[in-house]
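See below for upload_14.txt, which holds compact mmCIF, C-alpha atoms.
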```
# COMPACT_ATOMS: atom_id res chain seq x y z
CA MET Q 438 0.00 0.00 0.00
CA HIS Q 439 2.79 2.38 1.02
CA HIS Q 440 4.80 1.37 -2.04
CA GLN Q 441 1.83 2.05 -4.34
CA SER Q 442 1.21 5.44 -2.74
CA LEU Q 443 4.86 6.29 -3.23
CA ARG Q 444 4.65 5.30 -6.89
CA LEU Q 445 1.49 7.39 -7.36
CA LEU Q 446 3.20 10.33 -5.68
CA ALA Q 447 6.22 10.03 -7.99
CA LEU Q 448 3.95 9.76 -11.05
CA LEU Q 449 1.96 12.83 -10.06
CA PHE Q 450 5.18 14.71 -9.45
CA ILE Q 451 6.47 13.80 -12.92
CA ALA Q 452 3.18 15.09 -14.36
CA LEU Q 453 3.75 18.34 -12.48
CA VAL Q 454 7.33 18.75 -13.73
CA VAL Q 455 6.38 17.82 -17.31
CA LEU Q 456 3.54 20.34 -17.16
CA GLN Q 457 6.00 23.00 -15.95
CA SER Q 458 8.35 22.20 -18.85
CA LEU Q 459 5.47 22.36 -21.33
CA LEU Q 460 4.44 25.71 -19.84
CA GLY Q 461 7.99 26.96 -20.31
CA GLY Q 462 7.79 25.89 -23.94
CA ALA Q 463 4.39 27.54 -24.37
CA VAL Q 464 5.64 30.83 -22.86
CA PHE Q 465 8.64 30.77 -25.19
CA ALA Q 466 6.48 29.92 -28.23
CA THR Q 467 3.97 32.67 -27.38
CA ILE Q 468 6.54 35.42 -26.84
CA VAL Q 469 9.34 34.45 -29.23
CA GLY Q 470 7.92 31.87 -31.64
CA TRP Q 471 8.48 28.21 -32.30
CA THR Q 472 10.37 28.10 -35.60
CA PRO Q 473 14.06 28.94 -36.13
CA HIS Q 474 12.91 31.71 -38.47
CA ALA Q 475 10.68 33.33 -35.79
CA ILE Q 476 13.42 32.95 -33.16
CA GLY Q 477 15.98 34.51 -35.50
CA HIS Q 478 13.63 37.39 -36.31
CA TYR Q 479 12.78 38.04 -32.63
CA TYR Q 480 16.38 38.25 -31.43
CA ALA Q 481 17.76 39.98 -34.52
CA GLN Q 482 15.63 43.08 -33.93
CA LYS Q 483 16.53 43.40 -30.23
CA SER Q 484 19.17 45.82 -29.00
CA LEU Q 485 22.12 44.56 -26.97
CA HIS Q 486 20.62 46.32 -23.95
CA GLY Q 487 17.32 44.52 -24.54
CA LEU Q 488 19.14 41.18 -24.72
CA LEU Q 489 21.07 41.90 -21.52
CA GLU Q 490 17.84 42.74 -19.68
CA THR Q 491 16.83 39.08 -20.03
CA LEU Q 492 20.30 37.55 -20.07
CA LEU Q 493 21.60 39.09 -16.82
CA PRO Q 494 18.83 38.03 -14.38
CA HIS Q 495 18.59 34.60 -16.03
CA THR Q 496 22.36 34.04 -15.81
CA LEU Q 497 22.43 34.88 -12.12
CA PHE Q 498 19.20 33.38 -10.83
CA ILE Q 499 18.99 30.22 -12.94
CA ALA Q 500 22.63 29.45 -12.09
CA ILE Q 501 21.82 29.77 -8.37
CA ALA Q 502 18.64 27.73 -8.79
CA LEU Q 503 20.56 25.05 -10.73
CA MET Q 504 23.30 24.95 -8.11
CA GLY Q 505 20.68 24.67 -5.35
CA THR Q 506 18.90 21.87 -7.16
CA LEU Q 507 21.91 19.97 -8.47
CA HIS Q 508 23.94 19.89 -5.26
CA PHE Q 509 21.39 17.40 -3.91
CA LEU Q 510 22.74 14.93 -6.48
CA GLY Q 511 25.86 14.78 -4.30
CA PHE Q 512 23.85 13.05 -1.60
CA ILE Q 513 22.34 10.33 -3.75
CA SER Q 514 23.97 6.92 -3.45
CA THR Q 515 21.99 4.94 -6.02
CA ILE Q 516 23.31 6.60 -9.18
CA SER Q 517 26.98 6.63 -10.14
CA GLU Q 518 29.32 9.62 -9.84
CA LYS Q 519 29.67 9.58 -13.62
CA GLN Q 520 25.91 9.87 -14.07
CA LYS Q 521 25.76 12.76 -11.59
CA GLU Q 522 28.55 14.55 -13.45
CA ARG Q 523 26.71 14.05 -16.75
CA TRP Q 524 23.50 15.56 -15.39
CA ILE Q 525 25.37 18.60 -14.05
CA HIS Q 526 27.42 19.19 -17.22
CA LEU Q 527 24.33 18.65 -19.37
CA LEU Q 528 22.17 21.19 -17.52
CA PHE Q 529 24.80 23.93 -17.16
CA GLY Q 530 26.02 23.31 -20.75
CA LEU Q 531 22.54 23.53 -22.25
CA PHE Q 532 21.86 26.61 -20.15
CA ILE Q 533 24.96 28.39 -21.50
CA LEU Q 534 23.95 27.53 -25.08
CA ASP Q 535 20.36 28.63 -24.44
CA GLN Q 536 21.42 31.97 -22.98
CA SER Q 537 24.29 32.83 -25.33
CA ALA Q 538 22.60 31.84 -28.62
CA PRO Q 539 20.48 35.07 -28.79
CA VAL Q 540 23.69 37.17 -28.71
CA PHE Q 541 25.06 35.32 -31.74
CA ILE Q 542 21.71 35.61 -33.55
CA ASN Q 543 21.84 39.33 -32.81
CA LEU Q 544 25.33 39.46 -34.33
CA GLY Q 545 23.89 38.05 -37.57
CA ILE Q 546 24.78 34.34 -37.27
CA ASP Q 547 21.39 32.83 -38.16
CA PHE Q 548 22.48 29.26 -37.47
CA PHE Q 549 22.21 30.02 -33.73
CA ALA Q 550 18.41 30.15 -34.03
CA TYR Q 551 18.59 26.33 -34.38
CA VAL Q 552 21.03 26.17 -31.47
CA LYS Q 553 18.66 28.25 -29.31
CA LEU Q 554 15.69 26.05 -30.14
CA SER Q 555 17.56 22.78 -29.49
CA ALA Q 556 19.17 24.06 -26.30
CA PHE Q 557 15.86 25.34 -24.93
CA VAL Q 558 14.03 22.06 -25.59
CA GLY Q 559 16.99 20.08 -24.22
CA PHE Q 560 17.25 22.23 -21.09
CA GLU Q 561 13.55 21.94 -20.24
CA GLY Q 562 13.68 18.17 -20.79
CA ALA Q 563 16.85 17.70 -18.74
CA LEU Q 564 15.46 19.84 -15.90
CA ALA Q 565 12.33 17.69 -15.80
CA GLY Q 566 14.53 14.58 -15.77
CA VAL Q 567 16.81 15.67 -12.95
CA SER Q 568 13.87 16.92 -10.87
CA TYR Q 569 12.32 13.49 -11.12
CA VAL Q 570 15.59 11.74 -10.19
CA LEU Q 571 15.97 13.97 -7.12
CA PHE Q 572 12.38 13.61 -5.99
CA ARG Q 573 12.41 9.80 -6.36
CA HIS Q 574 15.57 9.54 -4.27
CA THR Q 575 14.39 12.05 -1.70
CA LEU Q 576 11.47 9.75 -0.95
CA GLY Q 577 13.49 6.55 -1.18
CA LYS Q 578 16.49 5.27 0.69
CA GLY Q 579 19.14 6.40 -1.74
CA LEU Q 580 20.36 9.43 0.19
CA ILE Q 581 23.70 9.52 2.00
CA ILE Q 582 23.87 11.03 5.47
CA PRO Q 583 27.23 12.85 5.72
CA LYS Q 584 29.31 12.30 8.85
CA MET G 893 17.35 16.62 2.55
CA LYS G 894 17.81 13.53 4.72
CA PHE G 895 21.40 14.62 5.31
CA ILE G 896 20.06 17.79 6.91
CA VAL G 897 17.09 16.44 8.80
CA SER G 898 18.48 13.39 10.53
CA LYS G 899 18.73 12.50 14.21
CA LYS G 900 22.12 14.15 14.22
CA LEU G 901 20.49 17.43 13.32
CA ILE G 902 19.77 18.29 16.95
CA ASP G 903 23.46 17.75 17.82
CA ASN G 904 24.65 19.96 15.00
CA ARG G 905 23.66 23.41 16.22
CA ALA G 906 24.51 25.29 13.00
CA LEU G 907 22.44 22.92 10.83
CA TYR G 908 19.60 22.86 13.34
CA VAL G 909 19.32 26.66 13.47
CA SER G 910 19.65 26.97 9.67
CA VAL G 911 16.85 24.45 9.04
CA LEU G 912 14.71 26.15 11.70
CA TRP G 913 15.06 29.52 9.98
CA MET G 914 14.50 27.98 6.56
CA VAL G 915 11.18 26.49 7.70
CA ILE G 916 10.12 29.89 9.11
CA PHE G 917 10.91 31.50 5.75
CA LEU G 918 9.08 28.74 3.83
CA ILE G 919 5.94 29.49 5.89
CA LEU G 920 6.44 33.20 5.29
CA ALA G 921 6.91 32.65 1.53
CA LEU G 922 3.70 30.59 1.32
CA MET G 923 1.74 33.25 3.23
CA LEU G 924 3.16 36.08 1.11
CA ASN G 925 2.38 34.17 -2.07
CA PHE G 926 -1.21 33.76 -0.92
CA VAL G 927 -1.49 37.49 -0.12
CA ALA G 928 0.12 38.49 -3.43
CA LYS G 929 -2.29 36.27 -5.37
CA SER G 930 -5.25 37.70 -3.43
CA ILE G 931 -4.18 41.23 -4.33
CA ASP G 932 -3.54 40.29 -7.96
CA SER G 933 -6.52 38.04 -8.75
CA GLY G 934 -8.79 38.42 -5.71
CA ILE G 935 -9.64 36.19 -2.78
CA THR G 936 -12.90 34.57 -3.95
CA PRO G 937 -13.52 32.33 -7.02
CA GLU G 938 -15.80 35.04 -8.48
CA LEU G 939 -12.96 37.56 -8.42
CA TRP G 940 -10.64 35.02 -10.06
CA ILE G 941 -13.22 34.44 -12.82
CA ASN G 942 -13.50 38.20 -13.39
CA HIS G 943 -9.74 38.59 -13.45
CA ILE G 944 -9.11 35.72 -15.88
CA LEU G 945 -12.15 35.73 -18.14
CA GLY G 946 -12.89 39.46 -17.82
CA ASN G 947 -16.20 41.14 -17.06
CA GLU G 948 -17.79 43.51 -19.56
CA ALA G 949 -20.20 44.96 -16.97
CA GLU G 950 -17.29 46.00 -14.76
CA PHE G 951 -15.02 46.92 -17.71
CA ILE G 952 -12.46 44.25 -16.80
CA GLU G 953 -10.38 42.99 -19.75
CA PRO G 954 -9.76 39.22 -19.91
CA LEU G 955 -6.23 38.01 -19.20
CA THR G 956 -4.23 37.46 -22.38
CA MET G 957 -2.92 33.99 -23.16
CA LYS G 958 0.64 35.33 -22.90
CA ASP G 959 0.07 36.76 -19.40
CA LEU G 960 -1.68 33.61 -18.20
CA LEU G 961 1.16 31.36 -19.38
CA LEU G 962 3.84 33.66 -18.02
CA THR G 963 2.19 33.87 -14.59
CA LEU G 964 1.63 30.12 -14.43
CA HIS G 965 5.20 29.31 -15.50
CA THR G 966 6.74 31.59 -12.87
CA GLU G 967 4.38 30.60 -10.05
CA LEU G 968 4.55 26.88 -10.72
CA PHE G 969 8.37 26.90 -10.60
CA GLU G 970 8.23 28.59 -7.20
CA LEU G 971 5.48 26.29 -5.86
CA ILE G 972 7.28 23.12 -7.02
CA LEU G 973 10.43 24.24 -5.17
CA LEU G 974 8.39 24.94 -2.01
CA PHE G 975 6.70 21.54 -2.33
CA ILE G 976 10.03 19.69 -2.76
CA LEU G 977 11.55 21.39 0.29
CA ILE G 978 8.54 20.82 2.54
CA SER G 979 8.01 17.23 1.39
CA ALA G 980 11.69 16.42 1.94
CA LEU G 981 11.45 17.76 5.51
CA LEU G 982 8.08 16.15 6.17
CA MET G 983 9.30 12.69 5.11
CA ARG G 984 11.92 12.75 7.89
CA THR G 985 9.53 13.65 10.71
CA SER G 986 8.30 11.15 13.29
CA ARG G 987 4.69 11.32 12.05
CA SER G 988 3.04 8.11 10.77
CA LYS G 989 3.79 7.00 7.21
CA LYS G 990 0.08 7.06 6.32
CA LEU G 991 -0.36 10.67 7.45
CA LYS G 992 2.78 11.82 5.63
CA MET G 993 1.75 10.05 2.42
CA ALA G 994 -1.77 11.45 2.63
CA LEU G 995 -0.39 14.98 3.07
CA LEU G 996 2.06 14.64 0.18
CA LEU G 997 -0.48 13.07 -2.18
CA SER G 998 -3.03 15.77 -1.36
CA GLY G 999 -0.31 18.37 -1.81
CA VAL G 1000 0.78 17.20 -5.25
CA MET G 1001 -2.83 16.71 -6.42
CA THR G 1002 -3.94 20.19 -5.33
CA LEU G 1003 -0.79 21.67 -6.85
CA LEU G 1004 -1.58 19.95 -10.18
CA LEU G 1005 -5.18 21.12 -10.03
CA TYR G 1006 -4.10 24.77 -10.00
CA PRO G 1007 -2.32 24.98 -13.42
CA VAL G 1008 -4.55 22.34 -15.02
CA GLY G 1009 -7.66 24.26 -13.95
CA LEU G 1010 -6.32 27.57 -15.21
CA LEU G 1011 -5.31 26.06 -18.56
CA ALA G 1012 -8.66 24.28 -18.84
CA SER G 1013 -10.43 27.60 -18.25
CA LEU G 1014 -9.55 28.48 -21.86
CA THR G 1015 -12.05 25.85 -23.00
CA CYS G 1016 -14.18 24.98 -19.93
CA GLY G 1017 -14.64 28.51 -18.59
CA SER G 1018 -15.51 29.46 -15.04
CA PHE G 1019 -15.91 25.92 -13.63
CA ALA G 1020 -12.25 25.18 -14.32
CA ILE G 1021 -11.25 28.43 -12.60
CA ILE G 1022 -13.18 27.40 -9.48
CA LEU G 1023 -11.20 24.12 -9.48
CA ALA G 1024 -7.93 26.03 -9.93
CA TRP G 1025 -8.87 28.37 -7.06
CA GLY G 1026 -9.69 25.37 -4.85
CA GLY G 1027 -6.37 23.74 -5.75
CA PHE G 1028 -4.41 26.92 -5.01
CA VAL G 1029 -6.07 27.56 -1.64
CA LEU G 1030 -5.93 23.93 -0.49
CA PHE G 1031 -2.29 23.55 -1.55
CA HIS G 1032 -1.30 26.63 0.46
CA LEU G 1033 -3.28 25.51 3.51
CA LEU G 1034 -1.79 22.01 3.35
CA MET G 1035 1.77 23.25 2.93
CA ILE G 1036 1.47 25.93 5.63
CA GLY G 1037 -0.03 23.31 7.99
CA SER G 1038 2.74 20.80 7.21
CA ALA G 1039 5.47 23.42 7.59
CA LEU G 1040 4.01 24.57 10.93
CA ASP G 1041 3.99 20.95 12.12
CA ILE G 1042 7.64 20.58 11.05
CA LEU G 1043 8.49 23.81 12.88
CA ILE G 1044 6.81 22.61 16.09
CA LEU G 1045 8.61 19.26 15.88
CA LEU G 1046 11.90 21.06 15.34
CA LEU G 1047 11.31 23.39 18.29
CA ARG G 1048 10.41 20.42 20.50
CA LYS G 1049 13.50 18.64 19.16
CA ARG G 1050 11.46 15.61 18.11
CA PHE G 1051 13.09 14.93 14.75
```
Using structure tokens, write down the structure from this file.
Amino acid sequence: MHHQSLRLLALLFIALVVLQSLLGGAVFATIVGWTPHAIGHYYAQKSLHGLLETLLPHTLFIAIALMGTLHFLGFISTISEKQKERWIHLLFGLFILDQSAPVFINLGIDFFAYVKLSAFVGFEGALAGVSYVLFRHTLGKGLIIPK
Amino acid sequence: MKFIVSKKLIDNRALYVSVLWMVIFLILALMLNFVAKSIDSGITPELWINHILGNEAEFIEPLTMKDLLLTLHTELFELILLFILISALLMRTSRSKKLKMALLLSGVMTLLLYPVGLLASLTCGSFAIILAWGGFVLFHLLMIGSALDILILLLRKRF
């Protein structure tokens, strides 16, 4: 009974995180657009100051939020150190690509519209994935108690 | 969070005081979020319906799709973080497994009801907003109640 409740809780939590990722995608699609062409057009017409207005708070706060979330991976015993490293590199790497791509689009390198789109989708997906991993292990017995 | 809230927590004064303050701020954040939402959208379901769907008689414009998505995306991120922190603390308390599971399941279900209801309001109208309102209020009450219980247990050193 307890096991089933735990499974239901994890499933509902995944639904919540997936919904949040989809909402992130919907916000992006509504404001910026969903095709590389629309993305390229949106960022190409922005001034550097306009880009920095979004870039600066995101760089600071998402990095802190990622650090806060990802450091919990250090206390999970049921996934390998290599896997933890991959999650961390993946999220920070995709975040850098996602945030820096608009600057390159603004400089006239249209290819970065594809980079932005891929990085954004990848980041939302990876964030949903790591949130689920953390939540599952928070409820389970996979956490290490430091001495 | 088990590494923070373990039996050794009481012995480690710095960790104990930090967790204590964090719980106080979690309660404060939930209360402030509730107040902010009441100011923004209103406190009753009727006011929420007016705010989201608009009201011609009172010259209230409906919320744009962009604003609705943006608000939901920002709020949900914050509420998920609050839920993770409180659930991680709650799981380590001495309360019965059944009670803890019931609280967490109710918490996650009410939290899901809030965005789902608001998104459904685009097609289902005011009924979905009433569900979203119910989810939002119940989630806050449940989480504030759970956090207060954690705070009392911490103060009584019963972790």
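Distance criterion 6 Å to chain Q, applied with all atoms listed in the file, yields G:Phe895, G:Leu961, G:Leu962, G:His965, G:Leu997 on chain G.
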Where is the centre and how long are the edges: axis-aligned box on region 560-570 of chain Q, 3 Å on each side, Å to one decimal, as AutoDock Vina command-line options:
```
--center_x 14.8 --center_y 17.0 --center_z -15.6 --size_x 10.9 --size_y 16.5 --size_z 16.9
```
Residues within 12 Å of region 477-491 of chain Q, please, as a ChimeraX atom specification. Count only C-alpha atoms; anything in the same chain fewer than 6 positions from it doesn't count. /Q:465-471,497-499,535-554
Please determine the residues with any atom at most 9 Å from (-0.3, 17.8, -5.0) (coordinates as given in the file, with all atoms listed in the file counting) and report them as a PyMOL selection string. (chain Q and resi 446+449-450+453) or (chain G and resi 975+995-1005+1027+1031)
A straight line from CA of Ala563 (chain Q) to CA of Gly530 (chain Q) spans 10.9 Å
- [ ] For Leu939 (chain G), list every protein, DNA or RNA residue within 12 Å, evaluated using all atoms listed in the file, and leave out those in the same chain fewer than 2 positions away; present the list as a ChimeraX atom specification.
- [x] /G:929-937,941-947,950,952,1018,1021-1022,1025
Expressed in Å, the length from CA of Val570 (chain Q) to CA of Gly511 (chain Q) is 12.2 Å
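Atom pair CA of Phe926 (chain G) / CA of Leu493 (chain Q) has a distance of 28.3 Å (rounded to one decimal).
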